[in-house]
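Chemist: Structure: data-v8.cif, mmCIF, C-alpha atoms.
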```cif
data_my_file
#
loop_
_atom_site.group_PDB
_atom_site.id
_atom_site.type_symbol
_atom_site.label_atom_id
_atom_site.label_comp_id
_atom_site.auth_asym_id
_atom_site.auth_seq_id
_atom_site.Cartn_x
_atom_site.Cartn_y
_atom_site.Cartn_z
ATOM 1 C CA MET A 1 0.000 0.000 0.000
ATOM 2 C CA ARG A 2 1.243 3.448 -0.867
ATOM 3 C CA THR A 3 1.650 5.459 2.311
ATOM 4 C CA GLN A 4 2.988 8.772 1.065
ATOM 5 C CA LEU A 5 0.661 11.758 1.481
ATOM 6 C CA LYS A 6 1.048 15.339 0.283
ATOM 7 C CA PRO A 7 -1.641 17.484 1.915
ATOM 8 C CA THR A 8 -2.039 21.138 1.106
ATOM 9 C CA ARG A 9 -3.518 23.649 3.505
ATOM 10 C CA ASP A 10 -6.942 25.037 2.742
ATOM 11 C CA GLY A 11 -7.643 27.485 5.539
ATOM 12 C CA GLU A 12 -8.069 25.411 8.681
ATOM 13 C CA ALA A 13 -8.347 22.158 6.711
ATOM 14 C CA PHE A 14 -6.141 20.086 4.431
ATOM 15 C CA ILE A 15 -6.725 18.801 0.927
ATOM 16 C CA VAL A 16 -5.300 15.290 0.781
ATOM 17 C CA ARG A 17 -5.138 13.117 -2.341
ATOM 18 C CA LEU A 18 -5.780 9.558 -1.196
ATOM 19 C CA ALA A 19 -5.252 6.348 -3.121
ATOM 20 C CA PRO A 20 -8.081 3.789 -3.015
ATOM 21 C CA ARG A 21 -6.212 1.518 -0.551
ATOM 22 C CA GLN A 22 -5.486 4.457 1.739
ATOM 23 C CA VAL A 23 -9.177 5.370 1.815
ATOM 24 C CA ALA A 24 -10.070 1.717 2.422
ATOM 25 C CA ALA A 25 -7.648 1.434 5.353
ATOM 26 C CA MET A 26 -8.960 4.624 6.934
ATOM 27 C CA TYR A 27 -12.546 3.490 6.408
ATOM 28 C CA GLU A 28 -11.908 0.031 7.885
ATOM 29 C CA ALA A 29 -10.152 1.399 10.964
ATOM 30 C CA LEU A 30 -12.878 3.950 11.686
ATOM 31 C CA SER A 31 -15.794 1.674 10.845
ATOM 32 C CA HIS A 32 -14.424 -1.074 13.076
ATOM 33 C CA LEU A 33 -14.283 1.316 16.015
ATOM 34 C CA SER A 34 -17.719 2.637 15.132
ATOM 35 C CA GLU A 35 -19.148 -0.901 15.166
ATOM 36 C CA GLN A 36 -18.048 -1.456 18.752
ATOM 37 C CA ASP A 37 -20.493 -0.802 21.541
ATOM 38 C CA TYR A 38 -18.752 2.420 22.542
ATOM 39 C CA GLY A 39 -20.534 5.530 23.688
ATOM 40 C CA ASP A 40 -19.399 9.065 22.984
ATOM 41 C CA THR A 41 -17.076 9.052 25.996
ATOM 42 C CA GLU A 42 -15.154 5.978 24.854
ATOM 43 C CA LEU A 43 -14.972 7.110 21.221
ATOM 44 C CA THR A 44 -13.786 10.549 22.280
ATOM 45 C CA LEU A 45 -11.042 8.943 24.344
ATOM 46 C CA LEU A 46 -10.053 6.648 21.451
ATOM 47 C CA VAL A 47 -10.259 9.022 18.483
ATOM 48 C CA GLY A 48 -10.992 12.483 19.819
ATOM 49 C CA ALA A 49 -14.619 12.662 18.667
ATOM 50 C CA GLY A 50 -18.018 11.230 19.491
ATOM 51 C CA ARG A 51 -20.263 8.877 17.550
ATOM 52 C CA GLU A 52 -21.820 11.530 15.299
ATOM 53 C CA ALA A 53 -18.459 12.846 14.035
ATOM 54 C CA VAL A 54 -16.983 9.360 13.611
ATOM 55 C CA ASP A 55 -20.012 8.101 11.696
ATOM 56 C CA ALA A 56 -19.995 11.196 9.462
ATOM 57 C CA LEU A 57 -16.357 10.600 8.522
ATOM 58 C CA VAL A 58 -16.989 6.883 7.984
ATOM 59 C CA GLU A 59 -19.796 7.823 5.605
ATOM 60 C CA ARG A 60 -17.506 10.198 3.663
ATOM 61 C CA LEU A 61 -14.902 7.458 3.268
ATOM 62 C CA ALA A 62 -17.420 4.730 2.382
ATOM 63 C CA GLY A 63 -17.787 3.215 -1.028
ATOM 64 C CA ARG A 64 -15.481 1.433 -3.396
ATOM 65 C CA GLN A 65 -12.770 3.764 -4.640
ATOM 66 C CA THR A 66 -11.155 2.920 -7.977
ATOM 67 C CA GLU A 67 -9.040 6.046 -8.441
ATOM 68 C CA SER A 68 -7.175 8.465 -6.224
ATOM 69 C CA ARG A 69 -9.238 11.443 -5.186
ATOM 70 C CA ASP A 70 -9.001 14.550 -3.053
ATOM 71 C CA PHE A 71 -10.540 14.715 0.393
ATOM 72 C CA ARG A 72 -10.881 17.903 2.422
ATOM 73 C CA LEU A 73 -10.125 16.906 5.996
ATOM 74 C CA THR A 74 -10.009 19.064 9.088
ATOM 75 C CA MET A 75 -7.317 18.634 11.711
ATOM 76 C CA GLU A 76 -9.948 16.947 13.901
ATOM 77 C CA GLU A 77 -10.770 14.459 11.131
ATOM 78 C CA LEU A 78 -7.086 13.743 10.533
ATOM 79 C CA HIS A 79 -6.763 13.143 14.266
ATOM 80 C CA MET A 80 -9.668 10.690 14.105
ATOM 81 C CA VAL A 81 -8.044 8.848 11.195
ATOM 82 C CA HIS A 82 -4.617 8.728 12.850
ATOM 83 C CA SER A 83 -6.071 7.556 16.142
ATOM 84 C CA ALA A 84 -8.259 4.908 14.503
ATOM 85 C CA LEU A 85 -5.290 3.522 12.564
ATOM 86 C CA THR A 86 -3.242 3.197 15.733
ATOM 87 C CA THR A 87 -6.107 2.061 17.975
ATOM 88 C CA ALA A 88 -7.747 -0.622 15.823
ATOM 89 C CA PRO A 89 -4.894 -3.118 16.295
ATOM 90 C CA VAL A 90 -5.201 -2.829 20.076
ATOM 91 C CA LEU A 91 -8.689 -4.316 19.843
ATOM 92 C CA PHE A 92 -7.149 -7.536 18.514
ATOM 93 C CA VAL A 93 -4.804 -8.169 21.431
ATOM 94 C CA GLU A 94 -5.801 -11.382 23.137
ATOM 95 C CA ARG A 95 -5.171 -12.634 26.631
ATOM 96 C CA GLY A 96 -1.509 -12.724 27.435
ATOM 97 C CA GLY A 97 -0.818 -9.713 25.220
ATOM 98 C CA VAL A 98 -0.675 -11.705 21.984
ATOM 99 C CA PHE A 99 -1.770 -9.894 18.833
ATOM 100 C CA ALA A 100 -4.319 -11.846 16.769
ATOM 101 C CA GLU A 101 -2.960 -11.217 13.263
ATOM 102 C CA GLU A 102 -5.352 -13.463 11.358
ATOM 103 C CA PRO A 103 -8.607 -12.099 12.841
ATOM 104 C CA PHE A 104 -7.271 -8.565 12.320
ATOM 105 C CA HIS A 105 -6.483 -9.246 8.672
ATOM 106 C CA ILE A 106 -9.772 -11.046 8.070
ATOM 107 C CA ARG A 107 -11.891 -8.240 9.577
ATOM 108 C CA LEU A 108 -9.930 -5.222 8.350
ATOM 109 C CA GLY A 109 -8.359 -6.509 5.136
ATOM 110 C CA PHE A 110 -4.925 -5.127 5.963
ATOM 111 C CA TYR A 111 -1.918 -6.000 8.046
ATOM 112 C CA ARG A 112 -1.167 -4.119 11.227
ATOM 113 C CA GLU A 113 2.022 -2.777 9.611
ATOM 114 C CA ASN A 114 -0.096 -1.130 6.890
ATOM 115 C CA PHE A 115 -2.106 0.747 9.507
ATOM 116 C CA TYR A 116 0.997 1.883 11.386
ATOM 117 C CA ALA A 117 2.762 2.998 8.191
ATOM 118 C CA LEU A 118 -0.272 4.996 7.084
ATOM 119 C CA ALA A 119 -0.654 6.558 10.544
ATOM 120 C CA ARG A 120 2.992 7.620 10.452
ATOM 121 C CA ALA A 121 2.517 9.034 6.949
ATOM 122 C CA VAL A 122 -0.454 11.100 8.139
ATOM 123 C CA LEU A 123 1.608 12.477 11.012
ATOM 124 C CA GLN A 124 4.590 13.331 8.810
ATOM 125 C CA ALA A 125 2.481 14.836 6.035
ATOM 126 C CA VAL A 126 0.574 17.155 8.364
ATOM 127 C CA ALA A 127 3.799 18.216 10.073
ATOM 128 C CA GLU A 128 5.285 19.152 6.693
ATOM 129 C CA ALA A 129 2.168 20.919 5.343
#
```
Would it be possible to restate this file's structure as structure tokens?
Modeler:
Amino acid sequence: MRTQLKPTRDGEAFIVRLAPRQVAAMYEALSHLSEQDYGDTELTLLVGAGREAVDALVERLAGRQTESRDFRLTMEELHMVHSALTTAPVLFVERGGVFAEEPFHIRLGFYRENFYALARAVLQAVAEA
């Protein structure tokens, strides 16, 4: 998966061109957290926003992407994406601290390394923008 991002500032937001796999990874991470039985308090702790904001971003990222396209994302939305990418793997840690790679890959369609690489790319890209 391509992880490089080149956002440009647009006022308080960023315009980010995302490849289809990048959008899919972001969608899967956020939708998985959204599917959990978390209230606004838990979601805010995990991704910095409540159910309404998370579900709105999930909806914007939904759908099969076949080409790269631009997304206008606020700093808060980028925070949600970054946090979801780094938090989703934690939900697949089993007793004894063992990461369940196969269930993670089956449910999310990516490897944990893909999520971490994309999260790092988001962080670096925003810092450079």
Chemist: Which neighbours of A:Pro89 fall inside 10 Å, counting all atoms listed in the file, when residues of the same chain fewer than 6 positions from it are skipped, and could you give them as number ranges by chain?
Modeler: A: 29, 99-101, 104-105, 108, 111-113, 115-116
Chemist: Dump C-alpha atoms for the selected residues as a CSV table (one decimal), in the coordinates of the input?
Modeler:
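See selection15.csv below for the written result:
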```csv
chain,number,residue,atom,x,y,z
A,29,ALA,CA,-10.2,1.4,11.0
A,99,PHE,CA,-1.8,-9.9,18.8
A,100,ALA,CA,-4.3,-11.8,16.8
A,101,GLU,CA,-3.0,-11.2,13.3
A,104,PHE,CA,-7.3,-8.6,12.3
A,105,HIS,CA,-6.5,-9.2,8.7
A,108,LEU,CA,-9.9,-5.2,8.4
A,111,TYR,CA,-1.9,-6.0,8.0
A,112,ARG,CA,-1.2,-4.1,11.2
A,113,GLU,CA,2.0,-2.8,9.6
A,115,PHE,CA,-2.1,0.7,9.5
A,116,TYR,CA,1.0,1.9,11.4
```
Chemist: To one decimal in Å, tell me the separation between atom CA of A:Ala119 and atom CA of A:Asp55.
Modeler: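 Calculated distance between atom CA of A:Ala119 and atom CA of A:Asp55 is 19.5 Å.
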Chemist: Can you list every residue of stretch 72-93 of chain A that has an atom at most 10 Å from stretch 5-11 of chain A, with its nearest atom pair and the distance in Å to one decimal, using all atoms listed in the file, ordered by chain then number, as a tab-separated table?
Modeler:
```
residue	atom	partner	partner_atom	distance
A:Arg72	CA	A:Asp10	CA	8.2
A:Leu73	CA	A:Asp10	CA	9.3
A:Thr74	CA	A:Asp10	CA	9.2
```
Chemist: Would you write out those residues with C-alpha atoms, as a compact mmCIF listing (two decimals), keeping the file's coordinate frame?
Modeler:
```txt
# COMPACT_ATOMS: atom_id res chain seq x y z
CA ARG A 72 -10.88 17.90 2.42
CA LEU A 73 -10.12 16.91 6.00
CA THR A 74 -10.01 19.06 9.09
```
Chemist: Show which residues sit within 12 Å of A:Arg21, as a ChimeraX atom specification. Count all atoms listed in the file, and ignore same-chain residues fewer than 6 positions away.
Modeler: /A:1-4,27-28,61,63-69,108-110,114-115,118
Chemist: I'd like the interatomic distance between atom CA of A:Pro20 and atom CA of A:Val90, to a tenth of an Å.
Modeler: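 Answer for the atom CA of A:Pro20 to atom CA of A:Val90 separation: 24.2 Å.
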Chemist: So which residues are close to (-17.0, 3.1, 21.8), meaning at most 12 Å away in the file's coordinates with only C-alpha atoms counted, and can you show them as a PyMOL selection string?
Modeler: chain A and resi 30-52+54-55+84+87-88+91
Chemist: Padding 4 Å on every side, please: axis-aligned box over the listed atoms of stretch 30-45 of chain A, centre and edge lengths to one decimal in Å, as AutoDock Vina command-line options.
Modeler:
```
--center_x -15.8 --center_y 4.5 --center_z 18.4 --size_x 17.5 --size_y 20.0 --size_z 23.2
```
Chemist: Would you mind reading off the distance between atom CA of A:Met80 and atom CA of A:Val122, one decimal, in Å?
Modeler: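 Computing it gives 11.0 Å between the two atoms.
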